[in-house]
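A.B. asks: I'd like to ask you about the structure that follows.
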Number of protein chains: 2
Amino acid sequence: MNAERKEAKRERILDAAVVEIAGRGYYRTTVSDIAGRAGVADGTIYLYFKGKEDILVSIFERAMQRFADEARWIVEEGAGDPEQTLRRIVALHLTLLGEDRDLAVIFQVEFRHTLHVLELFSRSRIRDYLALIAQVVEDGKAAGVFRPDVDALFVAKVVFGILDEMATDWVLSRKNIRLASRSDSVSDLLL
Amino acid sequence: MNAERKEAKRERILDAAVVEIAGRGYYRTTVSDIAGRAGVADGTIYLYFKGKEDILVSIFERAMQRFADEARWIVEEGAGDPEQTLRRIVALHLTLLGEDRDLAVIFQVEFRHTLHVLELFSRSRIRDYLALIAQVVEDGKAAGVFRPDVDALFVAKVVFGILDEMATDWVLSRKNIRLASRSDSVSDLLL
DNA sequence: GAAAAAACTGAATGACTATTCATTAGCGTA
DNA sequence: TACGCTAATGAATAGTCATTCAGTTTTTTC
């Protein structure tokens with residue numbers, strides 16, 4: 001089986017896992033549930049992942065990869081206009097989560113929980129993200145867009161906290177508002 | 001056994017559960033773990049709680065009760081000075097969580113997860129809390145402390161999001177900063 | 001197209017743990 | 001002190017589920 005097909009099956013298993021775990025939570029989801037939805041036998045899972053926990057880690061990794069790539073691109077591209085950059089990061093954050101409710105559920109609810117297990121690992125990824133936002137704030141201070149007396153990392157945490165609460169609120173409410181529609185309100189409030 | 005002693009034992013079990021669950025997470029904590037720490041036999045747990053899940057619900061209920069009582073008192077007492085009231089709610093939120101790290105862990109991490117199970121139930125408690133904050137913001141708008149064009153509930157969510165992220169950050173960092181020390185920074189930023 | 005290798009299968013295994021319940025201990029009362 | 005009642009115990013139960021692996025199917029190689 002060539003690498004391409006193998007990768008495709010791995011993706012299928014991850015996609016199935018996202019749906020199942022979002023629906024029932026990590027601990028209530030069995031490996032059989034995931035295998036069933038992915039259309040493979042239970043044992044096959046173990047040809048692609050070390051174990052159940054590795055599936056969760058892989059979901060995080062895959063999503064974070066996409067997330068980080070886009071964010072970094074925005075920051076690089078937007079050099080010179082910190083306000084616009086921050087607006088675009090806010091929009092990105094809410095759009096990416098708003099596009100896939102299942103993934104959003106896992107991010108807002110499941111990972112929180114399993115941080116117990118993943119702790120250092122996943123928090124460090126989030127720290128990178130926070131540092132990225134802080135960087136933009138620093139640039140903004142230099143450019144005179146933000147007050148010079150604020151602590152950039154503190155502001156980054158505030159920004160992240162707001163985005164995170166918006167996302168959690170969206171995930172837990174039944175409403176069908178588009179999450180990204182909150183984007184401008186958040187940005188306006190911040191700036 | 002009189003009602004008083006009975007209540008005391010129930011409390012002891014809850015206290016033990018808070019420590020254990022904060023340490024290993026809900027699903028990794030066995031009923032035996034909790035019983036062991038509380039100094040009772042496994043079976044005794046079931047004389048005080050319907051089952052494992054009921055313990056978690058009870059932790060939430062007990063904490064939320066204390067929380068809500070104090071917050072409502074602040075709001076009632078602080079009528080006429082919305083800014084001060086908001087500052088005190090911010091301080092209360094961070095102080096109560098900052099005083100008991102184990103409880104904070106459960107609130108910031110475990111409940112998120114188990115919201116899957118408790119969903120409507122616990123979210124409604126949080127909605128009450130949000131409504132309380134929104135109320136203060138409304139008063140503030142009337143009193144001219146806040147801009148009249150903001151949506152009070154939206155602001156309440158923002159406030160909650162910031163507090164929540166501060167708490168999560170505190171819980172997950174090893175640092176021994178006192179959580180409540182962030183209180184003024186948050187208030188200043190908000191006001 | 002046959003042999004070898006790689007993927008896949010799913011029933012069996014083994015470990016774990018929430019809950020139950022027959023038994024014991026404790027305590028107030030007469 | 002003996003009786004009855006409540007509380008507590010912890011070993012046994014019953015069920016769940018991650019993981020393994022002997023056997024089967026599919027793919028690749030020559």
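As shown in the structure tokens, the chain order sets the letters A, B, ...; within each chain, residues go from 1, and ligands are also counted from 1 in the order they appear.
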Up to 9 Å from chain A, what residues of chain D turn up? Count only C-alpha atoms (C1' of nucleotides) and give them as JSON, numbers by chain.
C.D. replies: {"D": [17, 18, 19, 20, 27, 28]}
A.B. asks: Go ahead and save the picked residues with N, CA and C atoms (P, O5', C5', C4', C3', O3' and C1' of nucleotides), as a JSON list (two decimals), in the first residue's frame.
C.D. replies:
```json
[["chain", "number", "residue", "atom", "x", "y", "z"],
["D", 17, "DC", "P", -17.73, 0.53, 27.22],
["D", 17, "DC", "O5'", -16.19, 0.28, 26.93],
["D", 17, "DC", "C5'", -15.27, 0.49, 27.99],
["D", 17, "DC", "C4'", -13.89, 0.09, 27.55],
["D", 17, "DC", "C3'", -13.64, 0.19, 26.05],
["D", 17, "DC", "O3'", -12.31, 0.62, 25.90],
["D", 17, "DC", "C1'", -13.19, -1.97, 26.75],
["D", 18, "DA", "P", -11.89, 1.57, 24.70],
["D", 18, "DA", "O5'", -10.32, 1.38, 24.70],
["D", 18, "DA", "C5'", -9.59, 1.74, 25.87],
["D", 18, "DA", "C4'", -8.37, 0.86, 26.01],
["D", 18, "DA", "C3'", -7.42, 0.87, 24.82],
["D", 18, "DA", "O3'", -6.10, 0.85, 25.34],
["D", 18, "DA", "C1'", -8.21, -1.34, 25.16],
["D", 19, "DT", "P", -4.88, 1.07, 24.36],
["D", 19, "DT", "O5'", -4.51, -0.43, 23.99],
["D", 19, "DT", "C5'", -4.20, -1.33, 25.05],
["D", 19, "DT", "C4'", -4.06, -2.74, 24.50],
["D", 19, "DT", "C3'", -3.22, -2.88, 23.22],
["D", 19, "DT", "O3'", -2.10, -3.68, 23.55],
["D", 19, "DT", "C1'", -5.17, -4.21, 23.13],
["D", 20, "DT", "P", -1.02, -4.07, 22.45],
["D", 20, "DT", "O5'", -1.39, -5.61, 22.18],
["D", 20, "DT", "C5'", -1.59, -6.46, 23.28],
["D", 20, "DT", "C4'", -1.98, -7.85, 22.80],
["D", 20, "DT", "C3'", -1.09, -8.43, 21.71],
["D", 20, "DT", "O3'", -0.86, -9.78, 22.03],
["D", 20, "DT", "C1'", -3.32, -8.45, 20.99],
["D", 27, "DT", "P", -6.13, -4.71, -2.94],
["D", 27, "DT", "O5'", -4.55, -4.73, -2.97],
["D", 27, "DT", "C5'", -3.82, -4.16, -1.87],
["D", 27, "DT", "C4'", -2.35, -4.40, -2.05],
["D", 27, "DT", "C3'", -1.82, -4.00, -3.43],
["D", 27, "DT", "O3'", -0.72, -3.12, -3.22],
["D", 27, "DT", "C1'", -1.09, -6.19, -2.84],
["D", 28, "DT", "P", -0.01, -2.43, -4.46],
["D", 28, "DT", "O5'", 1.35, -3.26, -4.46],
["D", 28, "DT", "C5'", 2.09, -3.39, -3.23],
["D", 28, "DT", "C4'", 3.24, -4.37, -3.44],
["D", 28, "DT", "C3'", 4.10, -4.08, -4.68],
["D", 28, "DT", "O3'", 5.45, -4.02, -4.26],
["D", 28, "DT", "C1'", 3.45, -6.37, -4.61]]
```
A.B. asks: Any idea which chain C residues end up within 8 Å of chain A if we count only C-alpha atoms (C1' of nucleotides), as a list of chain:residue names please?
C.D. replies: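 Selected residues: C:DA6, C:DA7, C:DC8, C:DT9, C:DG10.
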A.B. asks: How would the residues just picked look written out with N, CA and C atoms (P, O5', C5', C4', C3', O3' and C1' of nucleotides) as a compact mmCIF listing (two decimals), in the first residue's frame?
C.D. replies:
```txt
# COMPACT_ATOMS: atom_id res chain seq x y z
P DA C 6 7.17 -6.50 3.94
O5' DA C 6 5.75 -5.81 3.82
C5' DA C 6 5.26 -5.42 2.53
C4' DA C 6 3.79 -5.07 2.66
C3' DA C 6 3.43 -4.32 3.95
O3' DA C 6 2.63 -3.22 3.59
C1' DA C 6 2.05 -6.23 3.70
P DA C 7 2.14 -2.13 4.64
O5' DA C 7 0.56 -2.21 4.48
C5' DA C 7 0.01 -3.46 4.44
C4' DA C 7 -1.46 -3.39 4.19
C3' DA C 7 -2.24 -2.66 5.28
O3' DA C 7 -3.47 -2.20 4.74
C1' DA C 7 -2.54 -5.01 5.47
P DC C 8 -4.56 -1.49 5.71
O5' DC C 8 -5.41 -2.73 6.22
C5' DC C 8 -6.07 -3.56 5.25
C4' DC C 8 -6.76 -4.69 5.98
C3' DC C 8 -7.65 -4.27 7.15
O3' DC C 8 -8.99 -4.51 6.78
C1' DC C 8 -6.35 -6.23 7.62
P DT C 9 -10.18 -4.13 7.80
O5' DT C 9 -10.36 -5.51 8.56
C5' DT C 9 -10.71 -6.67 7.80
C4' DT C 9 -10.81 -7.84 8.73
C3' DT C 9 -11.72 -7.61 9.94
O3' DT C 9 -12.83 -8.48 9.85
C1' DT C 9 -9.65 -8.68 10.55
P DG C 10 -14.27 -8.04 10.38
O5' DG C 10 -14.32 -8.84 11.75
C5' DG C 10 -14.03 -10.24 11.75
C4' DG C 10 -13.73 -10.69 13.17
C3' DG C 10 -14.60 -10.03 14.25
O3' DG C 10 -14.78 -10.96 15.30
C1' DG C 10 -12.38 -9.59 14.72
```
A.B. asks: Kindly provide the residues of chain A that approach chain B to within 8 Å, each paired with its closest atom pair and their distance in Å to one decimal, based on only C-alpha atoms, listed by chain and increasing number, as CSV.
C.D. replies:
```
residue,atom,partner,partner_atom,distance
A:Arg24,CA,B:His116,CA,7.3
A:Gly25,CA,B:His116,CA,6.9
A:Tyr27,CA,B:Tyr27,CA,7.3
A:Gln108,CA,B:Arg112,CA,7.9
A:Val109,CA,B:His113,CA,5.1
A:Glu110,CA,B:His113,CA,5.6
A:Arg112,CA,B:Val109,CA,5.3
A:His113,CA,B:Val109,CA,5.1
A:Leu115,CA,B:Val109,CA,7.9
A:His116,CA,B:Gly25,CA,6.9
A:Glu119,CA,B:Leu172,CA,7.8
A:Lys157,CA,B:Glu165,CA,7.1
A:Val158,CA,B:Ile162,CA,5.5
A:Val159,CA,B:Ile162,CA,8.0
A:Phe160,CA,B:Glu165,CA,7.5
A:Gly161,CA,B:Glu165,CA,4.6
A:Ile162,CA,B:Gly161,CA,4.9
A:Leu163,CA,B:Gly161,CA,7.8
A:Asp164,CA,B:Gly161,CA,6.9
A:Glu165,CA,B:Gly161,CA,4.6
A:Met166,CA,B:Lys157,CA,7.5
A:Leu172,CA,B:Glu119,CA,7.9
```
A.B. asks: For the selection just defined, write its residues with N, CA and C atoms to a file, as a PDB file, in the first residue's frame.
C.D. replies:
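Output saved as result_7.pdb:
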```pdb
ATOM      1  N   ARG A  24     -19.482  12.143  22.079  1.00  0.00           N
ATOM      2  CA  ARG A  24     -19.642  11.454  23.363  1.00  0.00           C
ATOM      3  C   ARG A  24     -18.565  11.783  24.385  1.00  0.00           C
ATOM      4  N   GLY A  25     -17.551  12.482  23.977  1.00  0.00           N
ATOM      5  CA  GLY A  25     -16.431  12.719  24.882  1.00  0.00           C
ATOM      6  C   GLY A  25     -15.409  11.603  24.758  1.00  0.00           C
ATOM      7  N   TYR A  27     -13.605   9.736  26.873  1.00  0.00           N
ATOM      8  CA  TYR A  27     -13.686   8.515  27.674  1.00  0.00           C
ATOM      9  C   TYR A  27     -14.907   7.658  27.365  1.00  0.00           C
ATOM     10  N   GLN A 108     -12.504  22.981  22.591  1.00  0.00           N
ATOM     11  CA  GLN A 108     -12.983  23.772  23.733  1.00  0.00           C
ATOM     12  C   GLN A 108     -13.291  22.912  24.958  1.00  0.00           C
ATOM     13  N   VAL A 109     -13.619  21.670  24.719  1.00  0.00           N
ATOM     14  CA  VAL A 109     -14.029  20.836  25.845  1.00  0.00           C
ATOM     15  C   VAL A 109     -13.074  19.679  26.118  1.00  0.00           C
ATOM     16  N   GLU A 110     -12.814  18.874  25.124  1.00  0.00           N
ATOM     17  CA  GLU A 110     -12.023  17.670  25.368  1.00  0.00           C
ATOM     18  C   GLU A 110     -10.564  17.939  25.713  1.00  0.00           C
ATOM     19  N   ARG A 112      -9.269  20.517  27.056  1.00  0.00           N
ATOM     20  CA  ARG A 112      -9.169  21.047  28.406  1.00  0.00           C
ATOM     21  C   ARG A 112      -8.973  19.939  29.401  1.00  0.00           C
ATOM     22  N   HIS A 113      -9.807  18.961  29.192  1.00  0.00           N
ATOM     23  CA  HIS A 113      -9.813  17.850  30.106  1.00  0.00           C
ATOM     24  C   HIS A 113      -8.519  17.077  30.041  1.00  0.00           C
ATOM     25  N   LEU A 115      -5.795  17.861  28.986  1.00  0.00           N
ATOM     26  CA  LEU A 115      -4.565  18.565  29.285  1.00  0.00           C
ATOM     27  C   LEU A 115      -3.884  17.915  30.473  1.00  0.00           C
ATOM     28  N   HIS A 116      -4.671  17.289  31.302  1.00  0.00           N
ATOM     29  CA  HIS A 116      -4.099  16.540  32.412  1.00  0.00           C
ATOM     30  C   HIS A 116      -3.050  15.574  31.917  1.00  0.00           C
ATOM     31  N   GLU A 119      -0.739  17.827  29.225  1.00  0.00           N
ATOM     32  CA  GLU A 119      -0.225  19.021  29.901  1.00  0.00           C
ATOM     33  C   GLU A 119       0.867  19.810  29.202  1.00  0.00           C
ATOM     34  N   LYS A 157      -2.995  37.194  26.398  1.00  0.00           N
ATOM     35  CA  LYS A 157      -3.833  36.268  27.163  1.00  0.00           C
ATOM     36  C   LYS A 157      -5.267  36.745  27.213  1.00  0.00           C
ATOM     37  N   VAL A 158      -5.423  38.058  27.346  1.00  0.00           N
ATOM     38  CA  VAL A 158      -6.767  38.625  27.353  1.00  0.00           C
ATOM     39  C   VAL A 158      -7.462  38.350  26.022  1.00  0.00           C
ATOM     40  N   VAL A 159      -6.745  38.599  24.944  1.00  0.00           N
ATOM     41  CA  VAL A 159      -7.301  38.356  23.610  1.00  0.00           C
ATOM     42  C   VAL A 159      -7.697  36.889  23.480  1.00  0.00           C
ATOM     43  N   PHE A 160      -6.779  36.025  23.851  1.00  0.00           N
ATOM     44  CA  PHE A 160      -7.034  34.595  23.751  1.00  0.00           C
ATOM     45  C   PHE A 160      -8.227  34.189  24.618  1.00  0.00           C
ATOM     46  N   GLY A 161      -8.272  34.747  25.807  1.00  0.00           N
ATOM     47  CA  GLY A 161      -9.378  34.433  26.709  1.00  0.00           C
ATOM     48  C   GLY A 161     -10.720  34.808  26.120  1.00  0.00           C
ATOM     49  N   ILE A 162     -10.780  35.958  25.511  1.00  0.00           N
ATOM     50  CA  ILE A 162     -12.032  36.403  24.903  1.00  0.00           C
ATOM     51  C   ILE A 162     -12.423  35.475  23.760  1.00  0.00           C
ATOM     52  N   LEU A 163     -11.464  35.198  22.894  1.00  0.00           N
ATOM     53  CA  LEU A 163     -11.739  34.320  21.754  1.00  0.00           C
ATOM     54  C   LEU A 163     -12.207  32.953  22.233  1.00  0.00           C
ATOM     55  N   ASP A 164     -11.518  32.494  23.259  1.00  0.00           N
ATOM     56  CA  ASP A 164     -11.814  31.182  23.794  1.00  0.00           C
ATOM     57  C   ASP A 164     -13.209  31.112  24.388  1.00  0.00           C
ATOM     58  N   GLU A 165     -13.571  32.155  25.110  1.00  0.00           N
ATOM     59  CA  GLU A 165     -14.904  32.160  25.703  1.00  0.00           C
ATOM     60  C   GLU A 165     -15.975  32.271  24.626  1.00  0.00           C
ATOM     61  N   MET A 166     -15.707  33.066  23.606  1.00  0.00           N
ATOM     62  CA  MET A 166     -16.651  33.166  22.478  1.00  0.00           C
ATOM     63  C   MET A 166     -16.857  31.781  21.877  1.00  0.00           C
ATOM     64  N   LEU A 172     -21.342  25.530  23.111  1.00  0.00           N
ATOM     65  CA  LEU A 172     -22.318  25.012  24.055  1.00  0.00           C
ATOM     66  C   LEU A 172     -23.736  25.514  23.803  1.00  0.00           C
TER      67      LEU A 172
END
```
A.B. asks: Which neighbours of segment 23-30 of chain C fall inside 8 Å, counting only C-alpha atoms (C1' of nucleotides), when residues of the same chain fewer than 5 positions from it are skipped, and could you give them as an mmCIF file with N, CA and C atoms (P, O5', C5', C4', C3', O3' and C1' of nucleotides), in the first residue's frame?
C.D. replies:
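Full text of out_23.cif as output:
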```
data_model
loop_
_atom_site.group_PDB
_atom_site.id
_atom_site.type_symbol
_atom_site.label_atom_id
_atom_site.label_comp_id
_atom_site.auth_asym_id
_atom_site.auth_seq_id
_atom_site.Cartn_x
_atom_site.Cartn_y
_atom_site.Cartn_z
ATOM 1 P P DA D 7 -28.404 5.973 59.363
ATOM 2 O "O5'" DA D 7 -26.936 5.364 59.475
ATOM 3 C "C5'" DA D 7 -26.237 5.490 60.697
ATOM 4 C "C4'" DA D 7 -24.846 4.924 60.542
ATOM 5 C "C3'" DA D 7 -24.175 5.253 59.212
ATOM 6 O "O3'" DA D 7 -22.856 5.671 59.508
ATOM 7 C "C1'" DA D 7 -24.219 2.888 59.532
ATOM 8 P P DA D 8 -21.798 5.876 58.349
ATOM 9 O "O5'" DA D 8 -21.117 4.450 58.256
ATOM 10 C "C5'" DA D 8 -20.424 3.966 59.408
ATOM 11 C "C4'" DA D 8 -19.694 2.707 59.038
ATOM 12 C "C3'" DA D 8 -18.851 2.834 57.755
ATOM 13 O "O3'" DA D 8 -17.533 2.432 58.064
ATOM 14 C "C1'" DA D 8 -20.266 0.914 57.662
ATOM 15 P P DT D 9 -16.434 2.385 56.923
ATOM 16 O "O5'" DT D 9 -16.425 0.840 56.579
ATOM 17 C "C5'" DT D 9 -16.215 -0.102 57.625
ATOM 18 C "C4'" DT D 9 -16.315 -1.500 57.047
ATOM 19 C "C3'" DT D 9 -15.420 -1.739 55.834
ATOM 20 O "O3'" DT D 9 -14.451 -2.714 56.161
ATOM 21 C "C1'" DT D 9 -17.606 -2.617 55.506
#
```
A.B. asks: Which residues are close to segment 147-149 of chain B, i.e. within 10 Å by only C-alpha atoms (C1' of nucleotides), leaving aside same-chain residues fewer than 5 positions away? Reply as a ChimeraX atom specification.
C.D. replies: /B:137-138,140-142
A.B. asks: Run DSSP on the backbone and tell me which residues of segment 27-172 of chain B come out as alpha helix (DSSP H); list them as a count of residues only.
C.D. replies: 117
A.B. asks: For atom CA of Val90 of chain B and atom CA of Leu153 of chain B, determine how far apart the two atoms are, in Å to one decimal place.
C.D. replies: 15.9 Å
A.B. asks: Identify, on the basis of only C-alpha atoms (C1' of nucleotides), every residue whose closest approach to Ala17 of chain B does not exceed 9 Å; exclude the query and any residue fewer than 2 positions from it along the same chain; express the result as a list in words.
C.D. replies: Arg12, Ile13, Leu14, Asp15, Val19, Glu20, Ile21, Ala22, Thr29, Val31, Asp33, Ile34, Ala35, Arg37, Ala38, Ile55, Leu56 and Ile59 of chain B
A.B. asks: Could the residues in this selection be written to a file with C-alpha atoms, as a short mmCIF file (atom, residue, chain, number, x, y, z; two decimals), in the first residue's frame?
C.D. replies:
```cif
data_model
loop_
_atom_site.label_atom_id
_atom_site.label_comp_id
_atom_site.auth_asym_id
_atom_site.auth_seq_id
_atom_site.Cartn_x
_atom_site.Cartn_y
_atom_site.Cartn_z
CA ARG B 12 -15.20 14.83 54.05
CA ILE B 13 -15.99 12.65 51.06
CA LEU B 14 -16.46 15.69 48.86
CA ASP B 15 -13.19 17.20 50.05
CA VAL B 19 -8.25 16.46 45.80
CA GLU B 20 -8.31 13.17 43.93
CA ILE B 21 -10.16 14.40 40.88
CA ALA B 22 -8.01 17.52 40.64
CA THR B 29 -10.03 8.64 39.64
CA VAL B 31 -14.32 5.44 43.69
CA ASP B 33 -9.34 6.41 45.51
CA ILE B 34 -11.91 8.78 46.90
CA ALA B 35 -13.03 6.39 49.61
CA ARG B 37 -8.61 9.41 51.00
CA ALA B 38 -11.83 10.07 52.87
CA ILE B 55 -20.09 13.21 43.51
CA LEU B 56 -18.94 15.47 40.71
CA ILE B 59 -18.80 19.34 44.11
#
```
A.B. asks: Figure out the distance between atom CA of Asp188 of chain B and atom CA of Glu83 of chain B, please, to one decimal in Å.
C.D. replies: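 About the pair atom CA of Glu83 of chain B and atom CA of Asp188 of chain B: they are 10.3 Å apart.
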A.B. asks: Which residue out of B:Gly78, B:Thr85, B:Val171, B:Phe146 has the minimum interatomic distance to Arg101 of chain B when only C-alpha atoms are used?
C.D. replies: B:Val171
